[in-house]
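Enquirer: Structure file entry.csv (CSV, C-alpha atoms) is given on the next line.
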```
chain,number,residue,atom,x,y,z
B,1,MET,CA,152.6,46.4,139.3
B,2,THR,CA,155.2,45.4,141.8
B,3,THR,CA,158.7,44.4,140.6
B,4,PRO,CA,159.8,40.8,140.7
B,5,ALA,CA,162.4,41.6,143.4
B,6,ALA,CA,159.8,43.2,145.6
B,7,PHE,CA,157.4,40.3,145.1
B,8,ALA,CA,160.0,37.8,145.9
B,9,ALA,CA,161.1,39.7,149.0
B,10,THR,CA,157.5,39.8,150.4
B,11,THR,CA,156.8,36.1,149.6
B,12,ALA,CA,160.1,35.1,151.2
B,13,LEU,CA,158.9,36.6,154.5
B,14,MET,CA,156.1,34.0,154.6
B,15,ALA,CA,158.3,31.1,153.4
B,16,GLU,CA,159.9,30.3,156.8
B,17,PRO,CA,157.7,27.8,158.8
B,18,PRO,CA,158.0,29.8,162.1
B,19,ARG,CA,156.9,33.0,160.4
B,20,ALA,CA,154.1,31.2,158.5
B,21,ALA,CA,152.8,29.8,161.8
B,22,MET,CA,152.9,33.3,163.4
B,23,LEU,CA,151.0,34.8,160.5
B,24,GLN,CA,148.4,32.1,160.6
B,25,ALA,CA,147.9,32.7,164.3
B,26,LEU,CA,147.5,36.4,163.8
B,27,LEU,CA,144.7,35.7,161.4
B,28,SER,CA,142.5,35.4,164.5
B,29,GLY,CA,142.4,39.2,164.6
B,30,GLU,CA,143.8,39.2,168.1
B,31,ALA,CA,147.0,41.0,169.1
B,32,MET,CA,149.6,38.7,170.5
B,33,THR,CA,152.9,39.1,172.4
B,34,ALA,CA,156.2,37.8,171.1
B,35,GLY,CA,156.0,35.1,173.8
B,36,GLU,CA,152.7,33.8,172.7
B,37,LEU,CA,153.8,33.8,169.0
B,38,ALA,CA,157.0,31.9,170.0
B,39,ARG,CA,154.9,29.2,171.6
B,40,VAL,CA,152.7,29.0,168.5
B,41,ALA,CA,155.8,28.7,166.3
B,42,GLY,CA,157.5,26.2,168.6
B,43,ILE,CA,160.7,28.3,168.9
B,44,GLY,CA,162.6,30.2,171.6
B,45,ALA,CA,162.1,33.9,172.4
B,46,PRO,CA,165.3,35.2,170.7
B,47,ALA,CA,164.4,33.4,167.4
B,48,ALA,CA,160.8,34.7,167.7
B,49,SER,CA,162.0,38.3,168.1
B,50,ALA,CA,164.2,38.0,165.1
B,51,HIS,CA,161.4,36.6,162.9
B,52,LEU,CA,159.0,39.2,164.1
B,53,ALA,CA,161.5,42.0,163.4
B,54,ARG,CA,161.6,40.7,159.8
B,55,LEU,CA,157.8,40.7,159.5
B,56,VAL,CA,157.5,44.2,160.9
B,57,GLU,CA,160.3,45.5,158.6
B,58,GLY,CA,158.6,43.9,155.7
B,59,GLY,CA,155.3,45.6,156.4
B,60,LEU,CA,153.3,42.4,157.2
B,61,VAL,CA,153.0,43.0,161.0
B,62,THR,CA,152.7,46.0,163.2
B,63,VAL,CA,153.6,46.4,166.8
B,64,HIS,CA,151.6,48.2,169.5
B,65,PRO,CA,153.4,48.9,172.7
B,66,GLN,CA,151.3,48.8,175.9
B,67,GLY,CA,153.0,49.1,179.2
B,68,ARG,CA,155.7,46.5,179.5
B,69,HIS,CA,154.2,44.5,176.6
B,70,ARG,CA,154.5,44.8,172.8
B,71,TYR,CA,151.5,43.4,170.9
B,72,HIS,CA,151.7,42.2,167.3
B,73,ARG,CA,148.9,42.3,164.7
B,74,LEU,CA,148.7,41.9,161.0
B,75,ALA,CA,149.4,45.2,159.4
B,76,THR,CA,146.3,45.5,157.2
B,77,GLU,CA,143.2,43.6,156.0
B,78,ASP,CA,145.0,43.1,152.7
B,79,VAL,CA,147.8,41.2,154.4
B,80,ALA,CA,145.1,38.9,156.0
B,81,ALA,CA,143.4,38.4,152.7
B,82,ALA,CA,146.7,37.4,151.0
B,83,ILE,CA,147.5,34.9,153.7
B,84,GLU,CA,144.1,33.3,153.5
B,85,MET,CA,144.4,33.1,149.7
B,86,LEU,CA,147.8,31.6,149.9
B,87,GLY,CA,146.5,29.0,152.3
B,88,GLY,CA,143.9,28.0,149.8
B,89,LEU,CA,146.5,27.9,147.0
B,90,ALA,CA,148.8,25.7,149.1
B,91,ASP,CA,145.9,23.3,149.8
B,92,ARG,CA,145.1,23.1,146.1
B,93,VAL,CA,148.6,22.4,144.9
B,94,ALA,CA,149.5,19.9,147.7
B,95,PRO,CA,149.1,16.2,147.1
B,96,PRO,CA,145.5,15.0,147.6
B,97,ARG,CA,144.8,14.4,151.3
B,98,ARG,CA,142.1,14.5,153.8
B,99,TRP,CA,141.2,18.0,155.1
B,100,PRO,CA,143.6,18.1,158.0
B,101,HIS,CA,142.1,20.7,160.4
B,102,GLY,CA,138.8,19.1,161.3
B,103,GLU,CA,135.2,19.8,160.2
B,104,ALA,CA,134.6,22.3,163.1
B,105,PHE,CA,137.4,24.5,161.8
B,106,ARG,CA,136.0,24.2,158.3
B,107,THR,CA,132.5,25.2,159.5
B,108,ALA,CA,133.3,28.4,161.4
B,109,ARG,CA,136.4,30.4,162.0
B,110,LEU,CA,137.8,33.9,161.8
B,111,CYS,CA,139.8,35.3,159.0
B,112,TYR,CA,141.3,38.3,160.7
B,113,ASP,CA,138.2,40.3,161.7
B,114,HIS,CA,135.5,38.6,159.7
B,115,LEU,CA,133.8,35.2,159.5
B,116,ALA,CA,135.1,32.5,157.3
B,117,GLY,CA,134.5,28.8,156.6
B,118,ARG,CA,131.1,27.5,155.7
B,119,LEU,CA,129.5,30.0,157.9
B,120,GLY,CA,131.2,33.0,156.3
B,121,VAL,CA,130.5,31.7,152.8
B,122,ALA,CA,126.8,31.1,153.6
B,123,LEU,CA,126.4,34.6,155.0
B,124,HIS,CA,127.9,36.1,151.9
B,125,ALA,CA,125.6,34.1,149.7
B,126,GLY,CA,122.6,34.9,151.9
B,127,LEU,CA,123.2,38.6,151.6
B,128,VAL,CA,123.4,38.4,147.8
B,129,ASP,CA,120.5,36.0,147.4
B,130,ARG,CA,118.2,38.0,149.6
B,131,GLY,CA,119.1,41.2,147.7
B,132,TRP,CA,120.6,42.7,150.9
B,133,MET,CA,123.9,43.4,149.2
B,134,ALA,CA,124.6,44.5,145.6
B,135,PRO,CA,127.7,45.0,143.5
B,136,ALA,CA,129.3,48.4,144.0
B,137,PRO,CA,132.6,50.0,143.0
B,138,GLY,CA,135.4,48.2,144.8
B,139,GLY,CA,133.2,45.3,146.0
B,140,TRP,CA,129.7,45.4,147.5
B,141,ALA,CA,127.3,47.7,149.3
B,142,PRO,CA,124.1,47.0,151.3
B,143,THR,CA,120.9,47.8,149.6
B,144,PRO,CA,118.2,49.8,151.4
B,145,ALA,CA,116.4,46.5,152.3
B,146,GLY,CA,119.7,45.1,153.5
B,147,GLU,CA,120.5,48.1,155.7
B,148,ALA,CA,117.1,47.7,157.4
B,149,HIS,CA,117.5,43.9,158.0
B,150,LEU,CA,121.2,44.2,159.1
B,151,ALA,CA,120.3,47.1,161.5
B,152,ASP,CA,117.5,45.0,162.9
B,153,LEU,CA,120.0,42.1,163.5
B,154,GLY,CA,122.2,44.6,165.4
B,155,VAL,CA,125.0,45.2,162.8
B,156,ASP,CA,126.6,48.6,163.3
B,157,LEU,CA,126.4,50.0,159.8
B,158,ALA,CA,128.0,53.4,160.8
B,159,ALA,CA,131.1,51.5,162.1
B,160,ALA,CA,131.1,49.4,158.9
B,161,ARG,CA,131.2,52.6,156.8
B,162,SER,CA,134.2,53.9,158.7
B,163,ALA,CA,136.4,51.2,157.3
B,164,ARG,CA,138.7,51.8,154.3
B,165,ARG,CA,136.5,49.3,152.3
B,166,LEU,CA,132.8,48.8,153.1
B,167,ALA,CA,132.4,45.3,151.7
B,168,CYS,CA,134.6,43.1,149.5
B,169,ASP,CA,135.2,39.5,148.7
B,170,CYS,CA,137.9,37.4,150.4
B,171,MET,CA,138.5,34.0,148.9
B,172,ASP,CA,137.9,31.3,151.5
B,173,TRP,CA,140.7,28.9,152.1
B,174,SER,CA,138.7,25.8,152.7
B,175,GLU,CA,135.5,26.4,150.7
B,176,ARG,CA,137.1,28.1,147.6
B,177,ARG,CA,134.3,30.6,147.4
B,178,ALA,CA,134.1,34.1,148.7
B,179,HIS,CA,133.3,35.2,152.2
B,180,LEU,CA,132.7,38.8,153.2
B,181,ALA,CA,135.5,41.1,154.3
B,182,GLY,CA,135.7,44.9,154.7
B,183,GLY,CA,133.9,46.9,157.3
B,184,LEU,CA,130.6,45.1,156.8
B,185,GLY,CA,132.2,41.7,157.3
B,186,ARG,CA,134.0,43.0,160.4
B,187,GLU,CA,130.8,44.4,162.0
B,188,LEU,CA,128.8,41.3,161.0
B,189,ALA,CA,131.3,39.1,162.9
B,190,ALA,CA,131.3,41.5,165.8
B,191,CYS,CA,127.6,41.3,166.0
B,192,CYS,CA,127.6,37.5,166.0
B,193,LEU,CA,130.2,37.4,168.8
B,194,ARG,CA,128.4,40.1,170.8
B,195,ARG,CA,125.1,38.4,170.6
B,196,HIS,CA,126.7,35.0,171.3
B,197,TRP,CA,125.6,33.5,168.0
B,198,VAL,CA,129.2,32.3,167.6
B,199,SER,CA,131.8,32.0,170.3
B,200,ARG,CA,135.6,31.6,170.4
B,201,LEU,CA,136.9,28.4,171.7
B,202,SER,CA,138.6,29.0,175.1
B,203,GLY,CA,141.9,27.6,176.2
B,204,GLN,CA,143.5,27.7,172.7
B,205,ASP,CA,146.9,29.1,173.8
B,206,GLY,CA,149.4,26.5,172.8
B,207,GLY,CA,151.3,25.5,169.7
B,208,ASP,CA,148.4,25.2,167.1
B,209,ALA,CA,148.8,28.2,164.9
B,210,LEU,CA,145.2,28.0,163.8
B,211,ALA,CA,143.7,27.5,167.3
B,212,ARG,CA,142.8,31.1,168.0
B,213,ARG,CA,140.7,31.3,164.8
B,214,ARG,CA,138.3,28.6,165.8
B,215,LEU,CA,134.7,29.4,166.4
B,216,THR,CA,131.7,27.4,167.4
B,217,ILE,CA,128.1,28.3,166.3
B,218,THR,CA,125.7,28.3,169.3
B,219,PRO,CA,122.2,26.8,169.0
B,220,GLU,CA,120.7,30.2,169.2
B,221,GLY,CA,123.1,31.4,166.5
B,222,ALA,CA,122.3,28.5,164.2
B,223,ARG,CA,118.6,29.4,164.6
B,224,ARG,CA,118.9,33.2,164.3
B,225,LEU,CA,121.4,33.2,161.4
B,226,GLY,CA,119.6,30.4,159.6
B,227,ASP,CA,116.2,32.3,159.8
B,228,ALA,CA,117.8,35.5,158.7
B,229,PHE,CA,120.0,34.3,155.9
B,230,GLY,CA,118.3,31.1,154.7
B,231,PHE,CA,120.8,28.4,155.5
B,232,ARG,CA,121.2,25.6,158.0
B,233,LEU,CA,124.5,24.8,159.7
B,234,GLN,CA,124.8,22.5,162.6
B,235,PRO,CA,126.0,24.1,165.9
```
Since I need it in another form, could you write the structure as C-alpha cells?

Expert:
Amino acid sequence: MTTPAAFAATTALMAEPPRAAMLQALLSGEAMTAGELARVAGIGAPAASAHLARLVEGGLVTVHPQGRHRYHRLATEDVAAAIEMLGGLADRVAPPRRWPHGEAFRTARLCYDHLAGRLGVALHAGLVDRGWMAPAPGGWAPTPAGEAHLADLGVDLAAARSARRLACDCMDWSERRAHLAGGLGRELAACCLRRHWVSRLSGQDGGDALARRRLTITPEGARRLGDAFGFRLQP
C-alpha cells in the first residue's frame, strides 16, 4: 500500500490543467513532442517543458530521444488505466450535464493502445458472451475456441502474449463498464486499424486534448465486427 504522501504527490502531478491536458492527449497511444503537447495544453514551450519534466520525474511519462526530437509517451499501461478511470470519476462527481465530447467520441476511441467507448465495451462483452475469453489469474485469457476465432480475424496472439499482462479489464470512462486492455486488447485494436475496420480521424493536431484518441468505425468494420462479436454499432 502506498503512503498518503506518495499518493498525494502522484495525484498532484495530474491536478494542473496543462498537465492533465497533456496526459489526456497521450492516451491516444501516440508519442508526441513537447511542441505538440504545448499546443494541446495551450501554453508556451518553456512552460510545457517544465510540466513535462515534472511528469517524467514523477514516473507518469517517459521520453524517447530520436534525432533532434524528444518524443513523450505515457510510462505504462497502468498509468493509462489510472487516467481513464479518473476521467470517469471526474465525470460522475461533476454536476449533471450533457456528455460534452460528442457521440462519436463516446462510440469509438483509443485508451492508450486499446479500444474504448461503446466499441471497446461491446468487444469485451462479445468475447465473454461467445465463450472466447474466460477468467484467468490477473484478468482474462482466450479459450481454445477464442484463439481460433481471433486468429481467423487476424489478431496476433503471439504478440499479445508478449505483453506484461495478456488481458485485463480497464474501466471505461464514458460507459462505466469494462473494455479490454493488456496485450490482447492492444492486438485487437491493432488488427482493427490494420484492416481498416476503424480509422483515426486525420487533422487532429490542435488544442483538443482528446482529439488524437478519436476513431471512426468504417462500414466494413461495422459489418465484420458485428458479425464476429454479435453487436451493431453505426459507422

Enquirer: Record the distance separating atom CA of Ala122 of chain B and atom CA of Arg165 of chain B, expressed in Å with one decimal.

Expert: 20.7 Å

Enquirer: With distances taken over only C-alpha atoms, which of B:Met32, B:Ala8, B:Leu13, B:Leu150 is nearest to His69 of chain B?

Expert: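 Ranked by minimum distance to His69 of chain B, first place goes to B:Met32.
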
Enquirer: Can you work out the spacing between atom CA of Leu193 of chain B and atom CA of Arg177 of chain B in Å, to one decimal?

Expert: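 Atom CA of Arg177 of chain B lies 22.8 Å from atom CA of Leu193 of chain B.
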
Enquirer: So that I can see what lies close to Ser162 of chain B, please list as a list of chain:residue names the residues with an atom at most 12 Å from it, counting all atoms listed in the file and leaving out residues fewer than 6 positions away in the same chain.

Expert: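 Returned residues: B:Asp156, B:Gly182, B:Gly183, B:Leu184, B:Arg186, B:Glu187.
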
Enquirer: Could you check which of B:Gly87, B:Asp78, B:Asp152, B:Asp129 is closest to Cys168 of chain B, using all atoms listed in the file?

Expert: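 The answer is B:Asp78, which sits nearest to Cys168 of chain B.
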
Enquirer: Which distance in Å separates atom CA of Leu27 of chain B and atom CA of Tyr112 of chain B, to one decimal?

Expert: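 Atom CA of Tyr112 of chain B lies at a distance of 4.3 Å from atom CA of Leu27 of chain B.
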